[in-house]
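Have a look at start17.txt below; it lists compact mmCIF, C-alpha atoms.
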# COMPACT_ATOMS: atom_id res chain seq x y z
CA MET M 1 29.00 15.79 17.25
CA ILE M 2 26.22 13.79 18.94
CA ARG M 3 23.55 15.64 17.01
CA GLU M 4 25.28 15.08 13.66
CA SER M 5 25.81 11.41 14.43
CA VAL M 6 22.16 10.82 15.40
CA VAL M 7 20.79 12.78 12.45
CA ALA M 8 23.09 10.89 10.08
CA ALA M 9 21.83 7.54 11.42
CA LEU M 10 18.13 8.49 11.34
CA GLU M 11 18.01 10.58 8.16
CA PRO M 12 17.82 7.73 5.59
CA TRP M 13 14.86 6.20 7.42
CA VAL M 14 12.71 9.14 8.49
CA GLY M 15 14.12 12.09 6.55
CA THR M 16 16.26 15.02 7.69
CA MET M 17 13.41 17.06 9.17
CA ALA M 18 12.12 14.30 11.48
CA ALA M 19 15.66 13.24 12.48
CA ASP M 20 16.64 16.81 13.39
CA THR M 21 13.35 17.41 15.21
CA CYS M 22 13.91 14.28 17.31
CA VAL M 23 17.27 15.58 18.60
CA ARG M 24 15.97 19.12 19.14
CA ALA M 25 12.86 17.88 20.98
CA THR M 26 15.01 15.71 23.27
CA ALA M 27 17.27 18.67 24.08
CA LEU M 28 14.24 20.87 24.68
CA SER M 29 12.63 18.32 27.00
CA ALA M 30 15.89 18.20 28.99
CA GLY M 31 15.78 22.00 29.25
CA LYS M 32 18.95 22.40 27.22
CA ASP M 33 20.10 24.14 24.10
CA ILE M 34 21.07 21.84 21.24
CA GLU M 35 24.74 22.82 21.72
CA GLU M 36 24.64 21.79 25.39
CA PHE M 37 23.38 18.34 24.55
CA GLY M 38 25.75 15.83 26.12
CA ARG M 39 26.41 12.16 26.79
CA GLU M 40 24.25 12.23 29.92
CA ASP M 41 21.24 12.81 27.64
CA ILE M 42 21.91 9.88 25.35
CA SER M 43 19.63 7.39 27.12
CA THR M 44 16.72 9.88 26.92
CA LEU M 45 17.55 10.47 23.27
CA LEU M 46 17.58 6.76 22.45
CA GLY M 47 14.22 6.38 24.22
CA ASN M 48 12.82 9.14 22.03
CA VAL M 49 14.27 7.53 18.91
CA ARG M 50 12.53 4.29 19.84
CA ARG M 51 9.23 6.11 20.39
CA LEU M 52 9.67 7.89 17.06
CA LEU M 53 10.36 4.72 15.07
CA ALA M 54 8.12 2.20 16.86
CA PRO M 55 4.87 3.03 15.00
CA ILE M 56 6.48 3.21 11.56
CA ALA M 57 9.04 0.40 11.41
CA PRO M 58 9.54 -3.25 12.34
CA SER M 59 11.07 -3.76 15.81
CA ALA M 60 14.22 -5.31 14.33
CA ALA M 61 14.75 -2.14 12.33
CA VAL M 62 14.25 0.03 15.42
CA ASP M 63 16.80 -2.03 17.38
CA ASN M 64 19.23 -1.86 14.48
CA VAL M 65 18.99 1.91 14.06
CA VAL M 66 19.36 2.45 17.83
CA ALA M 67 22.43 0.19 17.86
CA GLN M 68 23.82 2.15 14.92
CA ILE M 69 23.36 5.42 16.83
CA GLU M 70 25.00 3.96 19.94
CA ALA M 71 27.96 2.79 17.87
CA GLY M 72 28.22 6.18 16.17
CA ILE M 73 28.43 8.17 19.38
CA ALA M 74 30.50 5.67 21.37
CA MET Y 75 10.45 -10.76 9.62
CA LYS Y 76 11.04 -14.23 8.30
CA ARG Y 77 11.53 -14.07 4.58
CA SER Y 78 11.25 -11.96 1.48
CA VAL Y 79 10.77 -12.22 -2.27
CA SER Y 80 12.05 -9.74 -4.83
CA PRO Y 81 9.31 -7.29 -5.89
CA LEU Y 82 10.72 -7.61 -9.38
CA VAL Y 83 9.96 -11.35 -9.45
CA VAL Y 84 6.29 -10.77 -8.60
CA PHE Y 85 6.04 -7.91 -11.04
CA VAL Y 86 7.54 -9.94 -13.87
CA LEU Y 87 5.42 -13.03 -13.11
CA GLY Y 88 2.20 -11.11 -12.50
CA ALA Y 89 2.62 -8.69 -15.37
CA SER Y 90 3.53 -11.52 -17.76
CA ALA Y 91 0.46 -13.49 -16.75
CA ALA Y 92 -1.74 -10.39 -17.02
CA LEU Y 93 -0.31 -9.46 -20.42
CA ALA Y 94 -0.70 -12.98 -21.78
CA LEU Y 95 -4.30 -13.10 -20.63
CA ALA Y 96 -4.98 -9.60 -21.93
CA MET Y 97 -3.63 -10.53 -25.36
CA TYR Y 98 -5.70 -13.70 -25.38
CA SER Y 99 -8.84 -11.88 -24.27
CA ALA Y 100 -8.38 -9.05 -26.74
CA PHE Y 101 -7.45 -11.01 -29.85
CA ALA Y 102 -8.61 -14.63 -29.50
CA PRO Y 103 -11.58 -15.48 -31.75
CA VAL Y 104 -13.90 -16.47 -28.91
CA SER Y 105 -17.44 -15.55 -27.95
CA ASP Y 106 -18.09 -12.62 -25.61
CA ASP Y 107 -19.11 -15.00 -22.82
CA VAL Y 108 -15.90 -17.02 -23.10
CA ARG Y 109 -13.89 -13.79 -23.28
CA ALA Y 110 -15.56 -12.42 -20.14
CA TYR Y 111 -15.14 -15.74 -18.29
CA THR Y 112 -11.43 -16.23 -19.11
CA THR Y 113 -10.70 -12.61 -18.24
CA ALA Y 114 -12.49 -12.84 -14.87
CA LEU Y 115 -10.74 -16.14 -14.13
CA GLY Y 116 -7.31 -14.75 -15.05
CA ILE Y 117 -7.86 -11.58 -13.02
CA ALA Y 118 -9.02 -13.68 -10.06
CA GLY Y 119 -5.83 -15.79 -10.30
CA ILE Y 120 -3.47 -12.82 -10.48
CA CYS Y 121 -5.24 -10.93 -7.68
CA SER Y 122 -5.26 -14.07 -5.50
CA LEU Y 123 -1.50 -14.32 -6.01
CA CYS Y 124 -1.14 -10.67 -4.97
CA ALA Y 125 -3.32 -11.26 -1.89
CA VAL Y 126 -1.30 -14.31 -0.83
CA VAL Y 127 1.95 -12.35 -1.25
CA ILE Y 128 0.71 -9.36 0.79
CA LEU Y 129 -0.85 -11.49 3.55
CA GLY Y 130 2.35 -13.58 3.69
CA VAL Y 131 4.43 -10.43 4.14
CA ALA Y 132 2.03 -9.11 6.80
CA LEU Y 133 2.12 -12.36 8.78
CA SER Y 134 5.91 -12.44 8.64
CA PHE Y 135 5.96 -9.46 11.04
CA GLY Y 136 5.56 -10.03 14.78
CA ARG Y 137 2.14 -9.87 16.41
CA ARG Y 138 2.77 -6.49 18.02
CA GLU Y 139 4.39 -4.92 14.95
CA PRO Y 140 2.43 -1.99 13.46
CA TRP Y 141 3.38 -3.12 9.97
CA ARG Y 142 1.59 -6.43 10.56
CA ARG Y 143 -1.77 -4.73 11.20
CA GLN Y 144 -1.32 -2.23 8.37
CA TRP Y 145 -0.30 -4.82 5.77
CA LEU Y 146 -3.02 -7.21 6.97
CA LEU Y 147 -5.59 -4.52 6.16
CA VAL Y 148 -4.08 -4.07 2.68
CA GLY Y 149 -3.87 -7.84 2.14
CA ALA Y 150 -7.45 -8.39 3.29
CA GLY Y 151 -8.52 -5.70 0.82
CA VAL Y 152 -6.75 -7.33 -2.12
CA ALA Y 153 -8.07 -10.76 -1.02
CA SER Y 154 -11.58 -9.31 -0.98
CA TYR Y 155 -11.13 -8.03 -4.54
CA ALA Y 156 -9.81 -11.44 -5.63
CA LEU Y 157 -12.83 -13.12 -4.01
CA GLY Y 158 -15.10 -10.73 -5.90
CA GLN Y 159 -13.46 -11.74 -9.17
CA ILE Y 160 -13.87 -15.44 -8.31
CA VAL Y 161 -17.58 -14.85 -7.63
CA HIS Y 162 -17.81 -12.89 -10.91
CA ALA Y 163 -16.16 -15.74 -12.85
CA ALA Y 164 -18.47 -18.27 -11.15
CA SER Y 165 -21.56 -16.21 -12.00
CA ILE Y 166 -20.51 -16.08 -15.68
CA ALA Y 167 -19.85 -19.85 -15.71
CA LEU Y 168 -23.12 -20.75 -13.97
CA GLY Y 169 -25.25 -18.30 -15.96
CA PRO Y 170 -28.84 -17.69 -14.83
CA THR Y 171 -28.58 -20.42 -12.16
CA ALA Y 172 -26.11 -18.27 -10.19
CA GLN Y 173 -28.74 -16.07 -8.55
CA TRP Y 174 -27.74 -17.36 -5.10
CA LEU Y 175 -24.19 -16.01 -5.42
CA PRO Y 176 -23.44 -12.75 -3.57
CA SER Y 177 -22.80 -9.65 -5.65
CA PRO Y 178 -19.11 -9.23 -6.66
CA ASP Y 179 -19.59 -5.48 -6.10
CA ALA Y 180 -19.80 -6.07 -2.33
CA PHE Y 181 -16.31 -7.60 -2.34
CA VAL Y 182 -14.86 -4.81 -4.47
CA ILE Y 183 -16.33 -2.09 -2.26
CA ALA Y 184 -15.00 -4.02 0.78
CA GLN Y 185 -11.53 -3.63 -0.70
CA TYR Y 186 -12.01 0.13 -0.92
CA VAL Y 187 -13.07 0.24 2.74
CA LEU Y 188 -10.13 -1.92 3.86
CA LEU Y 189 -7.61 0.10 1.82
CA CYS Y 190 -9.06 3.29 3.29
CA ALA Y 191 -8.63 1.79 6.80
CA ALA Y 192 -5.00 0.96 5.95
CA TYR Y 193 -4.40 4.54 4.75
CA ILE Y 194 -5.85 5.88 8.02
CA ALA Y 195 -3.68 3.48 10.06
CA VAL Y 196 -0.54 4.60 8.17
CA ALA Y 197 -1.40 8.30 8.55
CA GLN Y 198 -1.94 7.77 12.29
CA SER Y 199 1.42 6.03 12.68
CA TYR Y 200 3.21 9.05 11.16
CA ARG Y 201 1.33 11.70 13.14
CA ALA Y 202 4.25 12.31 15.55
CA ILE Y 203 6.69 13.32 12.81
CA THR Y 204 4.48 14.95 10.17
CA ASP Y 205 2.17 17.93 9.97
CA PRO Y 206 -1.25 16.89 8.59
CA ARG Y 207 -2.68 20.40 8.09
CA ARG Y 208 -1.44 21.21 4.59
CA PRO Y 209 -2.10 17.71 3.14
CA ALA Y 210 -5.59 17.80 4.70
CA ILE Y 211 -6.39 21.16 3.06
CA VAL Y 212 -5.01 20.05 -0.33
CA VAL Y 213 -6.94 16.74 -0.39
CA ALA Y 214 -10.13 18.43 0.86
CA ILE Y 215 -10.00 20.84 -2.11
CA PHE Y 216 -9.08 17.99 -4.46
CA GLY Y 217 -11.93 15.82 -3.12
CA ALA Y 218 -14.46 18.63 -3.49
CA VAL Y 219 -13.36 19.32 -7.09
CA ALA Y 220 -13.43 15.59 -7.93
CA LEU Y 221 -16.92 15.16 -6.45
CA ALA Y 222 -18.13 18.22 -8.38
CA GLY Y 223 -16.59 16.74 -11.54
CA LEU Y 224 -18.31 13.43 -10.85
CA TRP Y 225 -21.68 15.15 -10.35
CA PHE Y 226 -21.55 17.40 -13.40
CA GLY Y 227 -19.47 15.13 -15.66
CA LEU Y 228 -21.03 11.73 -15.06
CA ILE Y 229 -24.07 11.66 -12.77
CA VAL Y 230 -26.12 14.52 -14.27
CA PRO Y 231 -25.48 13.81 -17.99
CA PHE Y 232 -25.39 9.98 -17.89
CA VAL Y 233 -26.42 8.29 -14.61
CA LEU Y 234 -29.64 10.19 -13.85
CA PRO Y 235 -31.14 9.93 -17.38
CA GLN Y 236 -30.26 6.21 -17.68
CA SER Y 237 -31.20 5.01 -14.17
CA THR Y 238 -34.60 3.50 -13.46
CA GLY Y 239 -34.93 4.93 -9.95
CA VAL Y 240 -33.13 6.31 -6.93
CA ALA Y 241 -31.69 2.90 -5.94
CA ASP Y 242 -30.38 2.33 -9.46
CA ALA Y 243 -28.83 5.81 -9.60
CA LEU Y 244 -27.16 5.24 -6.21
CA ARG Y 245 -25.79 1.89 -7.39
CA LEU Y 246 -24.32 3.47 -10.54
CA ALA Y 247 -22.84 6.39 -8.60
CA LEU Y 248 -21.47 4.18 -5.81
CA TYR Y 249 -18.23 3.18 -7.53
CA PRO Y 250 -17.01 6.61 -8.64
CA ALA Y 251 -17.98 8.14 -5.29
CA ALA Y 252 -16.15 5.34 -3.43
CA ASP Y 253 -13.15 5.83 -5.75
CA ILE Y 254 -12.91 9.46 -4.71
CA LEU Y 255 -13.81 9.21 -1.02
CA LEU Y 256 -12.18 5.88 -0.08
CA LEU Y 257 -9.21 5.63 -2.46
CA LEU Y 258 -8.13 8.93 -4.00
CA VAL Y 259 -8.60 11.32 -1.07
CA PRO Y 260 -7.04 9.16 1.70
CA GLY Y 261 -4.35 7.81 -0.65
CA ALA Y 262 -3.35 11.32 -1.73
CA PHE Y 263 -3.38 12.41 1.91
CA VAL Y 264 -0.93 9.63 2.87
CA ALA Y 265 1.32 10.39 -0.13
CA LEU Y 266 1.42 14.13 0.68
CA LEU Y 267 1.98 13.42 4.39
CA LEU Y 268 4.91 11.10 3.68
CA ALA Y 269 6.33 13.51 1.08
CA GLN Y 270 7.16 15.80 4.02
CA LEU Y 271 9.80 13.24 5.04
CA GLY Y 272 11.66 13.48 1.74
CA GLY Y 273 13.00 10.12 0.63
CA ALA Y 274 12.48 8.41 4.01
CA ARG Y 275 12.94 4.71 3.31
CA PHE Y 276 10.37 3.43 5.83
CA ALA Y 277 7.74 5.44 3.95
CA ARG Y 278 8.53 4.18 0.44
CA PRO Y 279 6.37 1.02 0.44
CA TRP Y 280 3.35 3.19 1.28
CA TYR Y 281 3.88 5.34 -1.80
CA LEU Y 282 3.33 2.17 -3.84
CA VAL Y 283 0.11 1.38 -1.96
CA ALA Y 284 -1.11 4.95 -2.52
CA ALA Y 285 -0.16 4.69 -6.21
CA GLY Y 286 -1.99 1.35 -6.49
CA GLY Y 287 -5.13 2.90 -5.01
CA GLY Y 288 -4.82 5.76 -7.51
CA VAL Y 289 -4.50 3.38 -10.46
CA LEU Y 290 -7.50 1.41 -9.19
CA ALA Y 291 -9.60 4.58 -9.02
CA LEU Y 292 -8.40 5.70 -12.46
CA ALA Y 293 -9.23 2.29 -13.98
CA ASP Y 294 -12.70 2.47 -12.44
CA ALA Y 295 -13.19 5.98 -13.81
CA VAL Y 296 -12.27 4.86 -17.34
CA MET Y 297 -14.55 1.82 -17.04
CA MET Y 298 -17.45 3.90 -15.71
CA TRP Y 299 -17.01 6.41 -18.53
CA MET Y 300 -17.02 3.64 -21.13
CA LEU Y 301 -20.12 2.13 -19.51
CA ALA Y 302 -21.84 5.52 -19.53
CA VAL Y 303 -21.15 6.19 -23.22
CA GLY Y 304 -21.88 2.56 -24.15
CA THR Y 305 -18.41 1.53 -25.39
CA TYR Y 306 -17.49 -0.90 -22.59
CA LEU Y 307 -17.05 -4.55 -23.56
CA PRO Y 308 -16.40 -7.09 -20.77
CA GLY Y 309 -13.11 -8.98 -21.02
CA THR Y 310 -11.16 -6.31 -22.86
CA LEU Y 311 -8.00 -4.44 -21.92
CA VAL Y 312 -9.76 -1.93 -19.69
CA ASP Y 313 -10.56 -4.77 -17.26
CA PHE Y 314 -6.85 -5.08 -16.52
CA GLY Y 315 -6.47 -1.65 -14.90
CA PRO Y 316 -7.39 -3.05 -11.46
CA VAL Y 317 -4.91 -5.91 -12.01
CA ALA Y 318 -2.11 -3.38 -12.53
CA ALA Y 319 -3.26 -1.66 -9.33
CA GLU Y 320 -3.15 -4.89 -7.31
CA LEU Y 321 0.33 -5.69 -8.69
CA ILE Y 322 1.60 -2.24 -7.67
CA ILE Y 323 0.15 -2.74 -4.16
CA ALA Y 324 1.74 -6.21 -3.92
CA SER Y 325 5.09 -4.77 -4.98
CA GLY Y 326 4.71 -2.28 -2.11
CA ALA Y 327 4.33 -5.18 0.35
CA LEU Y 328 7.38 -6.86 -1.13
CA ALA Y 329 9.36 -3.63 -0.90
CA ALA Y 330 8.42 -3.52 2.81
CA ALA Y 331 9.54 -7.12 3.23
CA ARG Y 332 12.82 -6.36 1.50
CA LEU Y 333 13.36 -3.33 3.72
CA ALA Y 334 12.70 -5.39 6.85
CA GLU Y 335 15.05 -8.07 5.57
CA GLU Y 336 17.92 -5.56 5.62
CA PHE Y 337 17.70 -5.60 9.41
CA MET Y 338 17.73 -9.35 9.81
CA VAL Y 339 20.86 -10.41 11.64
CA PRO Y 340 22.52 -13.25 9.73
CA ALA Y 341 22.91 -16.42 11.74
CA ARG Y 342 26.44 -16.80 12.99
CA THR Y 343 28.26 -19.93 12.05
CA PRO Y 344 30.95 -21.22 14.38
CA ALA Y 345 34.42 -20.40 13.13
CA ALA Y 346 36.42 -23.34 11.84
CA PRO Y 347 39.19 -24.37 14.28
CA GLU Y 348 42.63 -23.30 13.18
CA VAL Y 349 44.81 -26.17 12.11
CA ALA Y 350 48.53 -26.07 12.61
CA VAL Y 351 49.80 -26.93 9.17
CA ASP Y 352 53.41 -27.21 9.94
CA ALA Y 353 53.01 -28.87 13.36
CA ALA Y 354 55.34 -31.54 12.33

Full structure transcribed into structure tokens:
Amino acid sequence: MIRESVVAALEPWVGTMAADTCVRATALSAGKDIEEFGREDISTLLGNVRRLLAPIAPSAAVDNVVAQIEAGIA
Amino acid sequence: MKRSVSPLVVFVLGASAALALAMYSAFAPVSDDVRAYTTALGIAGICSLCAVVILGVALSFGRREPWRRQWLLVGAGVASYALGQIVHAASIALGPTAQWLPSPDAFVIAQYVLLCAAYIAVAQSYRAITDPRRPAIVVAIFGAVALAGLWFGLIVPFVLPQSTGVADALRLALYPAADILLLLVPGAFVALLLAQLGGARFARPWYLVAAGGGVLALADAVMMWMLAVGTYLPGTLVDFGPVAAELIIASGALAAARLAEEFMVPARTPAAPEVAVDAA
């Protein structure tokens, strides 16, 4: 659910591959399988999303996409 | 991000101006000098407009925004080209007394260097989410083939026999070599790198910049070929290839501005107080 929501929010902006890799890499860095990814990992995930988008998008866009993800998984 | 203009508006205005000038230059019964001067002046005007648009977009991003630095490089490049055209127009107008003016070629080559720097900056910003290996191999092969084509197709049959010395040959070969090494190879690399992301919207403006660089290189190649075979005439339609390239690049900047505008939060207006209509 969380994975689908994050990928859906990121996909239009960075493509499916990068969006999916972002979630997988966050899960991997937390030592978890993608299925075990939970709400306790969301802050780490949002940090990674910011790091992913910061070099390639205006800061307002980064804030907006992060807010969209937060709203999607709330 | 402070403001935005429709890319379509700039395209329509710029393309209309370019077309009108092209028609005038191609068909008006004027001398070759007048034709060359009006063309250079018109190109300088259109490219200056493009430079102002791109620099305006770049400066509308915050100081720490990566897009600001990247679009500033692109804008500085287009401004350099516009400056070169102004110098070219001035040298035509002043005639033999214009020896003190710098060479317009220096400004044009400066654009190539600045565009190349912008391509490198964009490629660096995407390094975390793309794999550069395959694009690097493809553009390396493409660059090698293009350089071989340049050597055997232009330099050996035309440049070397016509040049008066090594310096002259280097000057004649400078443009096509710069086209390949500073525009085509890095531009194709960026396009292939971003293609890995599918239709990622943040990447789309850079496709237009890469396409603009490609058109610029293609226009140069056509012009160099015409020069080599002796069919080039200053002030004719072939001079407008670079103008099309600058318009495509400017539309990329405007597409970026439009994209950034989507994330602007509209200012909230205070809600009107409710009035009890039937209080009486």

**OP:** Would you be able to write out as a VMD selection string which residues have an atom within 12 Å of (-22.3, -10.9, -11.5) in the file's coordinates, counting only C-alpha atoms?
**Re:** chain Y and resid 110 to 111 114 158 to 182 308

**OP:** Hey, list the chain M side of the contact with chain Y: 8 Å cut-off, only C-alpha atoms, answer as a PyMOL selection string.
**Re:** chain M and resi 11-18+52+54-61+64

Subject >> Surrounding residues of M:Gly47 excluding itself and chain neighbours under 6 positions, 12 Å, only C-alpha atoms, as number ranges by chain >> reply: M: 22-23, 26, 41, 53-54, 62-63, 66, 69-70

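Reported to one decimal place, the separation of atom CA of Y:Val131 from atom CA of M:Ala67 is 25.0 Å.
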
Subject >> Nearby residues (all atoms listed in the file) at most 12 Å from M:Glu40, same-chain spacing under 4 positions excluded, as a list of chain:residue names >> reply: M:Ile2, M:Thr26, M:Ala27, M:Ala30, M:Lys32, M:Glu36, M:Thr44, M:Leu45, M:Leu46

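Nearest to Y:Val259 of all the residues Y:Ala327, Y:Ala243, Y:Val219, Y:Leu228 is Y:Val219, counting all atoms listed in the file.
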
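Take atom CA of Y:Thr238 and atom CA of Y:Gly223: the distance between them is 22.4 Å.
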
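Of note, atom CA of Y:Ala324 and atom CA of Y:Leu93 are spaced 16.9 Å apart.
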
Go ahead and fit an axis-aligned box to every listed atom of stretch 310-313 of chain Y plus 3 Å each side, and pass me the centre and edge lengths in Å, one decimal, as lines of an AutoDock Vina configuration file.
center_x = -9.6
center_y = -4.1
center_z = -20.1
size_x = 9.2
size_y = 10.4
size_z = 11.6

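If you measure from each of Y:Ile211, Y:Ala153, Y:Ala252, Y:Val312 to Y:Val127 using only C-alpha atoms, the closest one turns out to be Y:Ala153.
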
Original post:
Skipping near chain neighbours, those fewer than 3 positions away, what residues fall within 8 Å of M:Gly72 using all atoms listed in the file, listed as a PyMOL selection string?
Top reply: chain M and resi 5-6+68-69

Can I get the selection written as a short mmCIF file (atom, residue, chain, number, x, y, z; two decimals), keeping the file's coordinate frame, with C-alpha atoms?
data_model
loop_
_atom_site.label_atom_id
_atom_site.label_comp_id
_atom_site.auth_asym_id
_atom_site.auth_seq_id
_atom_site.Cartn_x
_atom_site.Cartn_y
_atom_site.Cartn_z
CA SER M 5 25.81 11.41 14.43
CA VAL M 6 22.16 10.82 15.40
CA GLN M 68 23.82 2.15 14.92
CA ILE M 69 23.36 5.42 16.83
#

Reconstruct N, CA and C atoms of stretch 278-292 of chain Y from the incomplete input and present them as a tab-separated table (two decimals), in the coordinates of the input.
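Resulting contents of part10.tsv:
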chain	number	residue	atom	x	y	z
Y	278	ARG	N	8.62	4.50	1.88
Y	278	ARG	CA	8.53	4.18	0.44
Y	278	ARG	C	7.50	3.12	0.06
Y	279	PRO	N	7.39	2.01	0.83
Y	279	PRO	CA	6.37	1.02	0.44
Y	279	PRO	C	4.96	1.60	0.38
Y	280	TRP	N	4.71	2.62	1.24
Y	280	TRP	CA	3.35	3.19	1.28
Y	280	TRP	C	3.05	4.07	0.08
Y	281	TYR	N	4.11	4.60	-0.55
Y	281	TYR	CA	3.88	5.34	-1.80
Y	281	TYR	C	3.30	4.39	-2.85
Y	282	LEU	N	3.82	3.15	-2.85
Y	282	LEU	CA	3.33	2.17	-3.84
Y	282	LEU	C	1.87	1.80	-3.58
Y	283	VAL	N	1.51	1.68	-2.29
Y	283	VAL	CA	0.11	1.38	-1.96
Y	283	VAL	C	-0.79	2.54	-2.38
Y	284	ALA	N	-0.32	3.77	-2.11
Y	284	ALA	CA	-1.11	4.95	-2.52
Y	284	ALA	C	-1.23	5.01	-4.04
Y	285	ALA	N	-0.13	4.69	-4.74
Y	285	ALA	CA	-0.16	4.69	-6.21
Y	285	ALA	C	-1.11	3.61	-6.73
Y	286	GLY	N	-1.09	2.45	-6.09
Y	286	GLY	CA	-1.99	1.35	-6.49
Y	286	GLY	C	-3.45	1.76	-6.34
Y	287	GLY	N	-3.76	2.41	-5.22
Y	287	GLY	CA	-5.13	2.90	-5.01
Y	287	GLY	C	-5.51	3.92	-6.08
Y	288	GLY	N	-4.56	4.76	-6.46
Y	288	GLY	CA	-4.82	5.76	-7.51
Y	288	GLY	C	-5.10	5.11	-8.86
Y	289	VAL	N	-4.31	4.09	-9.19
Y	289	VAL	CA	-4.50	3.38	-10.46
Y	289	VAL	C	-5.86	2.66	-10.47
Y	290	LEU	N	-6.21	2.09	-9.32
Y	290	LEU	CA	-7.50	1.41	-9.19
Y	290	LEU	C	-8.66	2.39	-9.45
Y	291	ALA	N	-8.56	3.56	-8.84
Y	291	ALA	CA	-9.60	4.58	-9.02
Y	291	ALA	C	-9.65	5.06	-10.47
Y	292	LEU	N	-8.48	5.24	-11.07
Y	292	LEU	CA	-8.40	5.70	-12.46
Y	292	LEU	C	-9.02	4.65	-13.41
